[in-house]
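Next comes entry-v2.cif, with mmCIF, C-alpha atoms.
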data_protein
#
loop_
_atom_site.group_PDB
_atom_site.id
_atom_site.type_symbol
_atom_site.label_atom_id
_atom_site.label_comp_id
_atom_site.auth_asym_id
_atom_site.auth_seq_id
_atom_site.Cartn_x
_atom_site.Cartn_y
_atom_site.Cartn_z
ATOM 1 C CA SER A 1 -29.769 56.044 30.555
ATOM 2 C CA GLY A 2 -33.003 55.040 32.261
ATOM 3 C CA ARG A 3 -34.403 53.242 29.216
ATOM 4 C CA PRO A 4 -35.177 49.508 29.342
ATOM 5 C CA ALA A 5 -32.407 47.322 27.976
ATOM 6 C CA ARG A 6 -33.092 45.866 24.535
ATOM 7 C CA GLU A 7 -32.489 42.168 24.044
ATOM 8 C CA ALA A 8 -29.324 42.943 22.075
ATOM 9 C CA ASP A 9 -28.016 44.940 25.037
ATOM 10 C CA TRP A 10 -28.308 42.103 27.529
ATOM 11 C CA PRO A 11 -24.888 41.001 28.804
ATOM 12 C CA TRP A 12 -25.833 37.344 28.887
ATOM 13 C CA SER A 13 -25.767 34.304 26.703
ATOM 14 C CA MET A 14 -26.648 30.642 26.956
ATOM 15 C CA SER A 15 -23.641 29.988 29.161
ATOM 16 C CA GLN A 16 -23.717 33.150 31.281
ATOM 17 C CA PRO A 17 -26.977 33.936 33.048
ATOM 18 C CA LEU A 18 -28.303 37.401 33.798
ATOM 19 C CA ILE A 19 -28.188 37.651 37.610
ATOM 20 C CA CYS A 20 -30.781 39.761 39.441
ATOM 21 C CA PRO A 21 -29.629 40.685 42.959
ATOM 22 C CA GLY A 22 -31.757 42.477 45.533
ATOM 23 C CA HIS A 23 -33.116 39.852 47.886
ATOM 24 C CA SER A 24 -31.097 39.115 51.013
ATOM 25 C CA ARG A 25 -32.457 35.679 51.957
ATOM 26 C CA PRO A 26 -33.644 32.569 50.098
ATOM 27 C CA VAL A 27 -36.117 33.201 47.283
ATOM 28 C CA ALA A 28 -38.998 30.787 47.883
ATOM 29 C CA GLY A 29 -40.718 31.136 44.527
ATOM 30 C CA ILE A 30 -41.097 33.067 41.278
ATOM 31 C CA GLU A 31 -43.915 33.525 38.770
ATOM 32 C CA PHE A 32 -44.174 35.401 35.481
ATOM 33 C CA SER A 33 -47.295 37.291 34.533
ATOM 34 C CA GLU A 34 -48.931 36.740 31.203
ATOM 35 C CA GLU A 35 -48.309 39.275 28.446
ATOM 36 C CA THR A 36 -50.078 42.465 29.600
ATOM 37 C CA ALA A 37 -50.596 45.900 28.080
ATOM 38 C CA ASP A 38 -47.544 47.030 30.070
ATOM 39 C CA GLY A 39 -45.338 44.044 29.264
ATOM 40 C CA VAL A 40 -44.409 40.938 31.243
ATOM 41 C CA PHE A 41 -43.671 41.006 34.977
ATOM 42 C CA LEU A 42 -41.854 38.667 37.358
ATOM 43 C CA ILE A 43 -42.854 38.467 41.013
ATOM 44 C CA SER A 44 -40.602 36.813 43.601
ATOM 45 C CA ALA A 45 -41.334 35.740 47.177
ATOM 46 C CA CYS A 46 -38.467 35.860 49.658
ATOM 47 C CA HIS A 47 -37.618 34.949 53.223
ATOM 48 C CA ASP A 48 -36.315 38.522 53.681
ATOM 49 C CA LYS A 49 -39.999 39.394 54.441
ATOM 50 C CA THR A 50 -40.564 40.985 51.020
ATOM 51 C CA ALA A 51 -41.800 40.234 47.541
ATOM 52 C CA MET A 52 -40.297 42.010 44.527
ATOM 53 C CA LEU A 53 -41.701 42.984 41.156
ATOM 54 C CA ARG A 54 -39.386 43.033 38.128
ATOM 55 C CA SER A 55 -39.593 43.396 34.397
ATOM 56 C CA GLY A 56 -40.053 39.931 32.944
ATOM 57 C CA GLU A 57 -38.163 41.010 29.842
ATOM 58 C CA THR A 58 -35.011 42.538 31.367
ATOM 59 C CA GLY A 59 -35.055 41.488 35.030
ATOM 60 C CA ASP A 60 -34.933 45.154 36.058
ATOM 61 C CA TRP A 61 -36.275 45.905 39.536
ATOM 62 C CA ILE A 62 -39.604 47.787 39.585
ATOM 63 C CA GLY A 63 -40.650 47.719 43.244
ATOM 64 C CA THR A 64 -40.628 45.909 46.575
ATOM 65 C CA PHE A 65 -43.707 44.914 48.597
ATOM 66 C CA GLU A 66 -42.718 45.608 52.210
ATOM 67 C CA GLY A 67 -44.916 45.054 55.251
ATOM 68 C CA HIS A 68 -44.807 41.407 56.320
ATOM 69 C CA LYS A 69 -43.244 40.545 59.682
ATOM 70 C CA GLY A 70 -42.015 37.110 58.591
ATOM 71 C CA ALA A 71 -40.705 35.230 55.573
ATOM 72 C CA VAL A 72 -42.750 35.559 52.390
ATOM 73 C CA TRP A 73 -43.335 32.067 51.006
ATOM 74 C CA GLY A 74 -45.519 32.808 48.011
ATOM 75 C CA ALA A 75 -46.626 35.665 45.768
ATOM 76 C CA ALA A 76 -49.156 35.746 42.937
ATOM 77 C CA LEU A 77 -50.113 38.372 40.359
ATOM 78 C CA ASN A 78 -53.586 38.596 38.898
ATOM 79 C CA ARG A 79 -53.941 38.183 35.131
ATOM 80 C CA PRO A 80 -53.474 41.891 34.165
ATOM 81 C CA ALA A 81 -50.688 42.214 36.803
ATOM 82 C CA THR A 82 -52.471 45.086 38.551
ATOM 83 C CA HIS A 83 -52.763 43.364 41.935
ATOM 84 C CA ALA A 84 -50.696 40.912 43.969
ATOM 85 C CA VAL A 85 -51.234 38.596 46.917
ATOM 86 C CA THR A 86 -48.336 37.689 49.202
ATOM 87 C CA CYS A 87 -48.236 34.810 51.703
ATOM 88 C CA SER A 88 -46.149 34.835 54.862
ATOM 89 C CA SER A 89 -44.961 32.976 57.911
ATOM 90 C CA ASP A 90 -46.411 35.881 59.942
ATOM 91 C CA PHE A 91 -49.770 34.035 59.622
ATOM 92 C CA SER A 92 -51.159 36.496 57.091
ATOM 93 C CA ALA A 93 -51.740 37.141 53.423
ATOM 94 C CA LYS A 94 -51.689 40.665 52.022
ATOM 95 C CA VAL A 95 -53.310 42.172 48.947
ATOM 96 C CA TRP A 96 -51.375 44.892 47.119
ATOM 97 C CA ASP A 97 -51.897 47.371 44.330
ATOM 98 C CA ALA A 98 -49.112 46.194 42.011
ATOM 99 C CA VAL A 99 -49.056 49.503 40.114
ATOM 100 C CA THR A 100 -48.607 51.861 43.080
ATOM 101 C CA GLY A 101 -47.172 49.337 45.556
ATOM 102 C CA ASP A 102 -49.816 50.243 48.146
ATOM 103 C CA GLU A 103 -50.892 47.614 50.653
ATOM 104 C CA LEU A 104 -54.665 47.236 50.366
ATOM 105 C CA HIS A 105 -55.668 44.455 52.781
ATOM 106 C CA THR A 106 -54.164 42.182 55.444
ATOM 107 C CA LEU A 107 -55.902 38.841 55.905
ATOM 108 C CA PRO A 108 -55.110 36.995 59.152
ATOM 109 C CA HIS A 109 -54.697 33.216 59.090
ATOM 110 C CA LYS A 110 -54.090 30.734 61.912
ATOM 111 C CA HIS A 111 -50.812 29.320 60.602
ATOM 112 C CA ILE A 112 -48.094 29.932 57.983
ATOM 113 C CA VAL A 113 -49.489 30.843 54.553
ATOM 114 C CA ARG A 114 -47.554 29.251 51.675
ATOM 115 C CA CYS A 115 -49.379 29.929 48.402
ATOM 116 C CA ALA A 116 -52.085 31.941 46.655
ATOM 117 C CA GLY A 117 -53.836 32.054 43.303
ATOM 118 C CA TRP A 118 -56.151 34.483 41.505
ATOM 119 C CA SER A 119 -59.337 33.684 39.613
ATOM 120 C CA PRO A 120 -59.136 34.445 35.869
ATOM 121 C CA ASP A 121 -61.394 37.508 36.263
ATOM 122 C CA SER A 122 -59.434 38.864 39.294
ATOM 123 C CA THR A 123 -62.556 38.951 41.484
ATOM 124 C CA CYS A 124 -61.464 36.143 43.835
ATOM 125 C CA PHE A 125 -58.321 34.569 45.193
ATOM 126 C CA VAL A 126 -57.460 31.499 47.222
ATOM 127 C CA THR A 127 -54.762 30.851 49.823
ATOM 128 C CA GLY A 128 -53.271 27.679 51.273
ATOM 129 C CA GLY A 129 -50.605 26.706 53.778
ATOM 130 C CA LYS A 130 -50.003 24.982 57.061
ATOM 131 C CA GLU A 131 -53.652 25.316 58.092
ATOM 132 C CA LYS A 132 -54.185 22.324 55.719
ATOM 133 C CA GLN A 133 -57.226 24.082 54.254
ATOM 134 C CA LEU A 134 -58.039 26.558 51.505
ATOM 135 C CA ARG A 135 -59.441 30.023 52.127
ATOM 136 C CA LEU A 136 -61.424 31.598 49.281
ATOM 137 C CA PHE A 137 -61.764 35.378 49.334
ATOM 138 C CA ASP A 138 -64.214 37.352 47.184
ATOM 139 C CA LEU A 139 -63.237 40.934 46.266
ATOM 140 C CA MET A 140 -66.466 41.861 44.503
ATOM 141 C CA GLY A 141 -67.423 44.243 47.318
ATOM 142 C CA GLY A 142 -64.033 45.955 47.335
ATOM 143 C CA ALA A 143 -62.742 44.527 50.620
ATOM 144 C CA PRO A 144 -62.256 40.742 50.855
ATOM 145 C CA SER A 145 -65.284 38.877 52.133
ATOM 146 C CA GLU A 146 -65.243 36.430 55.020
ATOM 147 C CA PRO A 147 -63.506 33.466 53.396
ATOM 148 C CA GLN A 148 -65.113 30.241 52.306
ATOM 149 C CA LEU A 149 -63.108 27.337 53.753
ATOM 150 C CA LEU A 150 -62.364 24.111 51.877
ATOM 151 C CA HIS A 151 -61.281 21.146 54.003
ATOM 152 C CA GLY A 152 -59.691 17.870 52.926
ATOM 153 C CA HIS A 153 -55.900 18.133 52.870
ATOM 154 C CA THR A 154 -54.047 16.428 55.728
ATOM 155 C CA ALA A 155 -50.743 18.341 55.474
ATOM 156 C CA CYS A 156 -49.349 21.679 54.325
ATOM 157 C CA VAL A 157 -50.838 23.017 51.068
ATOM 158 C CA LYS A 158 -48.025 24.263 48.798
ATOM 159 C CA VAL A 159 -49.883 24.945 45.529
ATOM 160 C CA VAL A 160 -53.239 26.550 44.695
ATOM 161 C CA ARG A 161 -54.438 27.366 41.178
ATOM 162 C CA TYR A 162 -57.743 28.368 39.642
ATOM 163 C CA LEU A 163 -58.496 26.324 36.550
ATOM 164 C CA ASP A 164 -60.717 27.533 33.701
ATOM 165 C CA ASP A 165 -63.087 29.662 35.766
ATOM 166 C CA LYS A 166 -63.732 30.862 39.301
ATOM 167 C CA ASN A 167 -65.650 27.687 40.193
ATOM 168 C CA SER A 168 -62.784 25.207 39.782
ATOM 169 C CA ILE A 169 -59.641 25.164 41.942
ATOM 170 C CA LEU A 170 -56.604 22.887 42.060
ATOM 171 C CA SER A 171 -54.646 22.396 45.288
ATOM 172 C CA ALA A 172 -51.746 20.145 46.273
ATOM 173 C CA GLY A 173 -49.011 19.769 48.829
ATOM 174 C CA GLU A 174 -47.210 17.693 51.389
ATOM 175 C CA ASP A 175 -49.931 15.039 51.729
ATOM 176 C CA LYS A 176 -48.848 13.927 48.205
ATOM 177 C CA THR A 177 -52.404 14.547 47.002
ATOM 178 C CA MET A 178 -53.802 16.874 44.363
ATOM 179 C CA ARG A 179 -57.417 17.869 44.750
ATOM 180 C CA ILE A 180 -59.730 19.516 42.240
ATOM 181 C CA TRP A 181 -62.519 21.432 43.951
ATOM 182 C CA ASP A 182 -65.952 22.634 42.878
ATOM 183 C CA VAL A 183 -66.265 25.980 44.641
ATOM 184 C CA ARG A 184 -70.058 25.935 44.403
ATOM 185 C CA SER A 185 -70.411 22.700 46.378
ATOM 186 C CA GLY A 186 -67.233 23.084 48.413
ATOM 187 C CA GLY A 187 -66.342 19.485 47.631
ATOM 188 C CA THR A 188 -63.515 17.591 45.946
ATOM 189 C CA VAL A 189 -64.455 16.362 42.468
ATOM 190 C CA ARG A 190 -61.131 14.701 41.641
ATOM 191 C CA GLN A 191 -58.175 13.443 43.647
ATOM 192 C CA ILE A 192 -54.786 12.362 42.255
ATOM 193 C CA GLU A 193 -52.080 10.703 44.340
ATOM 194 C CA PHE A 194 -48.365 11.301 43.745
ATOM 195 C CA GLY A 195 -45.224 9.577 45.023
ATOM 196 C CA GLY A 196 -43.854 12.553 46.941
ATOM 197 C CA HIS A 197 -44.606 16.055 48.157
ATOM 198 C CA ILE A 198 -46.201 18.104 45.369
ATOM 199 C CA ASN A 199 -43.997 21.180 45.208
ATOM 200 C CA SER A 200 -44.967 22.922 41.977
ATOM 201 C CA VAL A 201 -47.825 22.938 39.483
ATOM 202 C CA GLU A 202 -47.745 25.013 36.299
ATOM 203 C CA LEU A 203 -50.611 25.358 33.826
ATOM 204 C CA THR A 204 -50.002 26.160 30.153
ATOM 205 C CA ALA A 205 -51.364 29.487 28.908
ATOM 206 C CA ASP A 206 -54.045 27.685 26.901
ATOM 207 C CA GLY A 207 -55.098 25.638 29.923
ATOM 208 C CA SER A 208 -54.547 22.326 28.144
ATOM 209 C CA LEU A 209 -51.587 20.871 30.063
ATOM 210 C CA MET A 210 -50.282 20.742 33.614
ATOM 211 C CA THR A 211 -46.634 20.355 34.656
ATOM 212 C CA VAL A 212 -46.154 18.839 38.124
ATOM 213 C CA ALA A 213 -43.002 18.579 40.252
ATOM 214 C CA ALA A 214 -43.537 15.966 42.969
ATOM 215 C CA GLY A 215 -40.880 14.046 44.852
ATOM 216 C CA THR A 216 -38.129 13.353 42.314
ATOM 217 C CA GLU A 217 -40.526 13.285 39.344
ATOM 218 C CA VAL A 218 -41.740 15.733 36.738
ATOM 219 C CA SER A 219 -45.005 14.747 35.063
ATOM 220 C CA PHE A 220 -47.206 16.229 32.346
ATOM 221 C CA TRP A 221 -50.995 15.909 32.340
ATOM 222 C CA ASP A 222 -53.801 16.482 29.851
ATOM 223 C CA LEU A 223 -56.338 18.651 31.663
ATOM 224 C CA SER A 224 -59.270 17.590 29.488
ATOM 225 C CA SER A 225 -58.873 13.893 30.333
ATOM 226 C CA TRP A 226 -56.677 14.187 33.466
ATOM 227 C CA GLN A 227 -54.420 11.524 31.987
ATOM 228 C CA CYS A 228 -50.673 11.541 32.598
ATOM 229 C CA LEU A 229 -48.926 11.975 29.241
ATOM 230 C CA GLN A 230 -45.282 11.770 30.344
ATOM 231 C CA ARG A 231 -43.431 11.122 33.578
ATOM 232 C CA PHE A 232 -39.693 11.463 34.194
ATOM 233 C CA ASN A 233 -37.740 10.549 37.303
ATOM 234 C CA LEU A 234 -34.975 13.124 37.833
ATOM 235 C CA ALA A 235 -33.289 11.427 40.768
ATOM 236 C CA VAL A 236 -30.028 13.311 40.112
ATOM 237 C CA ILE A 237 -31.686 16.483 41.451
ATOM 238 C CA GLU A 238 -32.362 14.955 44.867
ATOM 239 C CA ALA A 239 -29.990 16.424 47.468
ATOM 240 C CA ASN A 240 -29.985 18.377 50.718
ATOM 241 C CA GLY A 241 -33.401 17.056 51.701
ATOM 242 C CA TYR A 242 -35.133 18.224 48.501
ATOM 243 C CA GLY A 243 -36.312 16.525 45.327
ATOM 244 C CA VAL A 244 -37.598 18.450 42.315
ATOM 245 C CA ASN A 245 -38.833 21.729 43.764
ATOM 246 C CA SER A 246 -40.055 23.259 40.531
ATOM 247 C CA ALA A 247 -40.550 22.510 36.823
ATOM 248 C CA SER A 248 -41.688 24.572 33.850
ATOM 249 C CA LEU A 249 -42.763 23.653 30.312
ATOM 250 C CA HIS A 250 -41.621 25.715 27.319
ATOM 251 C CA PRO A 251 -44.555 27.437 25.535
ATOM 252 C CA ASN A 252 -43.940 25.305 22.431
ATOM 253 C CA LYS A 253 -44.170 22.165 24.620
ATOM 254 C CA THR A 254 -40.930 20.593 23.330
ATOM 255 C CA THR A 255 -38.742 21.028 26.399
ATOM 256 C CA PHE A 256 -38.924 21.617 30.127
ATOM 257 C CA VAL A 257 -36.685 22.922 32.877
ATOM 258 C CA ALA A 258 -36.417 21.667 36.451
ATOM 259 C CA GLY A 259 -34.558 22.569 39.621
ATOM 260 C CA GLY A 260 -34.271 21.262 43.146
ATOM 261 C CA GLY A 261 -31.937 20.123 45.857
ATOM 262 C CA ASN A 262 -28.599 19.921 44.050
ATOM 263 C CA PHE A 263 -28.085 23.643 43.110
ATOM 264 C CA TRP A 264 -28.320 23.069 39.327
ATOM 265 C CA VAL A 265 -30.963 23.918 36.727
ATOM 266 C CA TYR A 266 -31.679 21.312 34.046
ATOM 267 C CA GLN A 267 -33.284 21.548 30.619
ATOM 268 C CA HIS A 268 -34.739 18.326 29.174
ATOM 269 C CA ASP A 269 -36.359 17.158 25.948
ATOM 270 C CA ILE A 270 -39.992 16.362 26.756
ATOM 271 C CA ARG A 271 -40.249 13.568 24.172
ATOM 272 C CA THR A 272 -37.293 11.517 25.380
ATOM 273 C CA GLY A 273 -36.442 12.980 28.771
ATOM 274 C CA GLU A 274 -32.886 13.546 27.523
ATOM 275 C CA GLU A 275 -30.911 16.149 29.466
ATOM 276 C CA LEU A 276 -30.056 18.984 27.066
ATOM 277 C CA VAL A 277 -28.110 21.241 29.395
ATOM 278 C CA CYS A 278 -27.197 21.547 33.070
ATOM 279 C CA ASN A 279 -26.797 25.136 34.268
ATOM 280 C CA LYS A 280 -24.513 25.641 37.245
ATOM 281 C CA GLY A 281 -24.375 28.891 39.153
ATOM 282 C CA HIS A 282 -26.700 28.847 42.131
ATOM 283 C CA HIS A 283 -24.984 28.391 45.504
ATOM 284 C CA GLY A 284 -27.808 26.474 47.127
ATOM 285 C CA PRO A 285 -30.995 24.517 46.353
ATOM 286 C CA VAL A 286 -33.202 25.886 43.576
ATOM 287 C CA TYR A 287 -36.775 26.613 44.674
ATOM 288 C CA GLY A 288 -38.357 28.030 41.527
ATOM 289 C CA VAL A 289 -37.974 27.787 37.730
ATOM 290 C CA ARG A 290 -40.269 29.371 35.137
ATOM 291 C CA PHE A 291 -40.130 30.047 31.394
ATOM 292 C CA THR A 292 -41.004 33.524 30.178
ATOM 293 C CA PRO A 293 -44.332 33.623 28.288
ATOM 294 C CA ASP A 294 -42.510 33.971 24.942
ATOM 295 C CA GLY A 295 -40.077 31.150 25.744
ATOM 296 C CA LYS A 296 -36.975 33.218 24.991
ATOM 297 C CA ALA A 297 -35.608 32.694 28.498
ATOM 298 C CA TYR A 298 -36.297 30.996 31.792
ATOM 299 C CA ALA A 299 -35.663 32.215 35.295
ATOM 300 C CA SER A 300 -34.497 30.306 38.350
ATOM 301 C CA ALA A 301 -34.370 31.328 41.999
ATOM 302 C CA GLY A 302 -33.284 29.726 45.214
ATOM 303 C CA ASP A 303 -31.529 29.521 48.509
ATOM 304 C CA ASP A 304 -28.692 31.878 47.516
ATOM 305 C CA GLY A 305 -31.124 34.821 47.222
ATOM 306 C CA THR A 306 -30.528 35.382 43.506
ATOM 307 C CA ILE A 307 -32.778 35.199 40.467
ATOM 308 C CA ARG A 308 -31.019 34.090 37.279
ATOM 309 C CA PHE A 309 -32.235 34.348 33.686
ATOM 310 C CA TRP A 310 -30.969 31.667 31.287
ATOM 311 C CA ARG A 311 -31.264 31.051 27.547
ATOM 312 C CA PRO A 312 -32.875 27.784 26.427
ATOM 313 C CA VAL A 313 -31.027 25.534 23.974
ATOM 314 C CA GLY A 314 -32.155 23.295 21.099
ATOM 315 C CA ASP A 315 -35.636 23.505 19.556
ATOM 316 C CA ALA A 316 -36.781 25.913 22.271
ATOM 317 C CA ALA A 317 -34.102 28.435 21.353
ATOM 318 C CA GLN A 318 -35.060 28.267 17.666
ATOM 319 C CA ALA A 319 -38.764 28.531 18.433
ATOM 320 C CA ALA A 320 -38.150 31.643 20.505
ATOM 321 C CA GLU A 321 -36.342 33.454 17.694
#
Output the structure of this file as structure tokens.
Amino acid sequence: SGRPAREADWPWSMSQPLICPGHSRPVAGIEFSEETADGVFLISACHDKTAMLRSGETGDWIGTFEGHKGAVWGAALNRPATHAVTCSSDFSAKVWDAVTGDELHTLPHKHIVRCAGWSPDSTCFVTGGKEKQLRLFDLMGGAPSEPQLLHGHTACVKVVRYLDDKNSILSAGEDKTMRIWDVRSGGTVRQIEFGGHINSVELTADGSLMTVAAGTEVSFWDLSSWQCLQRFNLAVIEANGYGVNSASLHPNKTTFVAGGGNFWVYQHDIRTGEELVCNKGHHGPVYGVRFTPDGKAYASAGDDGTIRFWRPVGDAAQAAE
């Protein structure tokens, strides 16, 4: 019919996920946009050399960003979801118009690019990867400026995030170290050590909490004090050379989901760490999990090339009603 599916139309339940095909190689990561004037969007990065944009409400395909000559490892939407940055093993990052799909800029790097993040006002973005440094690009003049470089990491950077404004950046990766940077000075103002590779960092919409997947642990941090509030060891996920690849906190902060090496997607109670449900369906390691902004569903993606939408259970399901 061409119309978006309503929630009541969706052929999925708590036990049967909605499966989104389209990618032909492992999906390296997924991120939801915030609520925008045009709805919620999901962007996925894939080793098939593309990134895809989908409806975050229905999973319906909207468009494919084609142009990289190697695997796409990361993709990030700006806050209004009008622009995207993609990161590739072809030693480049690209900037795209996410409304028209047009490629706007190609930014050469000297090694594989793994991750990117936008400033809250969409005027700047940062990239990280196997160069072991951050590149900060300013778009105020239209075309990206010559990047500011931030040095300090000793291994691949897998996560970059702007914090509350364009002057504060978080980065983390395979050196098991998280760094908080002051862009104005170019220096590290805080450094936190973890017990394994830092694979995923998610910030709550209100900027108060951080969810970190590192090694076989998921931890939750207060961003005003930088104190760890909770830490859970999910050793059962460790398999096939991976620990916890990704974790996501429900918007009501009662439950979290995690995925990694053993093909399964877990939902846990954040107060006790109790496993609430184990979702089986992926045919390979899970590389990304994220709750939708309204908490009514969460998506997972991984080595089998699929993206799957699942229903949460327990308090999260009731809160999302």
Open item on the list: Once the PyMOL selection byres ((chain A and resi 70) around 8) has been evaluated on this model, what residues remain selected, and can you format them as a PyMOL selection string?
Closed with: chain A and resi 47-49+68-69+71-72+88-90
TODO: Using only C-alpha atoms, determine which residues lie at most 9 Å from region 255-268 of chain A, disregarding the query and same-chain residues fewer than 3 positions distant; provide the list as a PyMOL selection string.
DONE: chain A and resi 213+216+218+234+236-252+271-291+298+300+302-303+312-316
Task: For Leu107 (chain A), the nearest of the candidates A:Arg79, A:Lys132, A:Lys94, A:Arg308, counting all atoms listed in the file - done: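 That would be A:Lys94, the residue with the smallest distance to Leu107 (chain A).
Within the file as shown, the PyMOL selection byres ((chain A and resi 86) around 7) identifies Val72, Gly74, Ala75, Ala76, Ala84, Val85, Cys87, Ser88, Ala93, Lys94 and Val95 of chain A.
Closest approach to Asp60 (chain A) from the set A:Ile43, A:Asp138, A:Leu203, A:Gly195 is made by A:Ile43, with distances taken over all atoms listed in the file.
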TODO: Can you work out which one of A:Lys158, A:Arg231, A:Lys253, A:His111 has the shortest atom-to-atom distance to Leu209 (chain A), counting all atoms listed in the file?
DONE: A:Lys253
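Among the candidates A:Asn167, A:Ser44, A:Asn199, A:Thr106, the one nearest to Leu77 (chain A) when counting only C-alpha atoms is A:Ser44.
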TODO: Identify, on the basis of only C-alpha atoms, every residue whose closest approach to region 117-124 of chain A does not exceed 10 Å; exclude the query and any residue fewer than 6 positions from it along the same chain; express the result as a count of residues only.
DONE: 35
Task: Non-local contacts of Asp38 (chain A) (12 Å; all atoms listed in the file; under 3 positions in same chain excluded) as a list in words - done: Ser33, Glu34, Glu35, Phe41, Ser55, Gly56, Glu57, Pro80, Ala81, Thr82 and Val99 of chain A
TODO: Kindly give the distance, in Å, that separates CA of Asp175 (chain A) and CA of Cys46 (chain A), rounded to a single decimal.
DONE: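 These two atoms are separated by 23.9 Å.
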- [ ] Skip His153 (chain A) itself and residues of its chain fewer than 5 positions away, then list as JSON, numbers by chain all residues within 9 Å of it, counting all atoms listed in the file.
- [x] {"A": [132, 133, 134, 171, 172, 173, 174, 175, 177, 178, 179]}
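When all atoms listed in the file are used to compute distances to Pro21 (chain A), the closest of the residues A:Ser224, A:Glu103, A:Lys110, A:Met52 turns out to be A:Met52.
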Task: Option closest in space to Phe91 (chain A), from A:Cys228, A:Ala28, A:Cys20, A:Val113 [counting only C-alpha atoms] - done: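 Distance minimum relative to Phe91 (chain A) lands on A:Val113.
CA of Leu223 (chain A) is found 17.9 Å from CA of Val183 (chain A).
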Task: Separation of CA of Ser219 (chain A) from CA of Phe232 (chain A), in Å and rounded to one decimal - done: 6.3 Å
- [ ] Could you list the residues chosen by the PyMOL selection byres ((chain A and resi 129) around 7) in this structure as a PyMOL selection string?
- [x] chain A and resi 112-115+128+130-132+156-158
Convert the current residue selection to file output with C-alpha atoms, as a PDB file, keeping the file's coordinate frame.
ATOM      1  CA  ILE A 112     -48.094  29.932  57.983  1.00  0.00           C
ATOM      2  CA  VAL A 113     -49.489  30.843  54.553  1.00  0.00           C
ATOM      3  CA  ARG A 114     -47.554  29.251  51.675  1.00  0.00           C
ATOM      4  CA  CYS A 115     -49.379  29.929  48.402  1.00  0.00           C
ATOM      5  CA  GLY A 128     -53.271  27.679  51.273  1.00  0.00           C
ATOM      6  CA  LYS A 130     -50.003  24.982  57.061  1.00  0.00           C
ATOM      7  CA  GLU A 131     -53.652  25.316  58.092  1.00  0.00           C
ATOM      8  CA  LYS A 132     -54.185  22.324  55.719  1.00  0.00           C
ATOM      9  CA  CYS A 156     -49.349  21.679  54.325  1.00  0.00           C
ATOM     10  CA  VAL A 157     -50.838  23.017  51.068  1.00  0.00           C
ATOM     11  CA  LYS A 158     -48.025  24.263  48.798  1.00  0.00           C
TER      12      LYS A 158
END
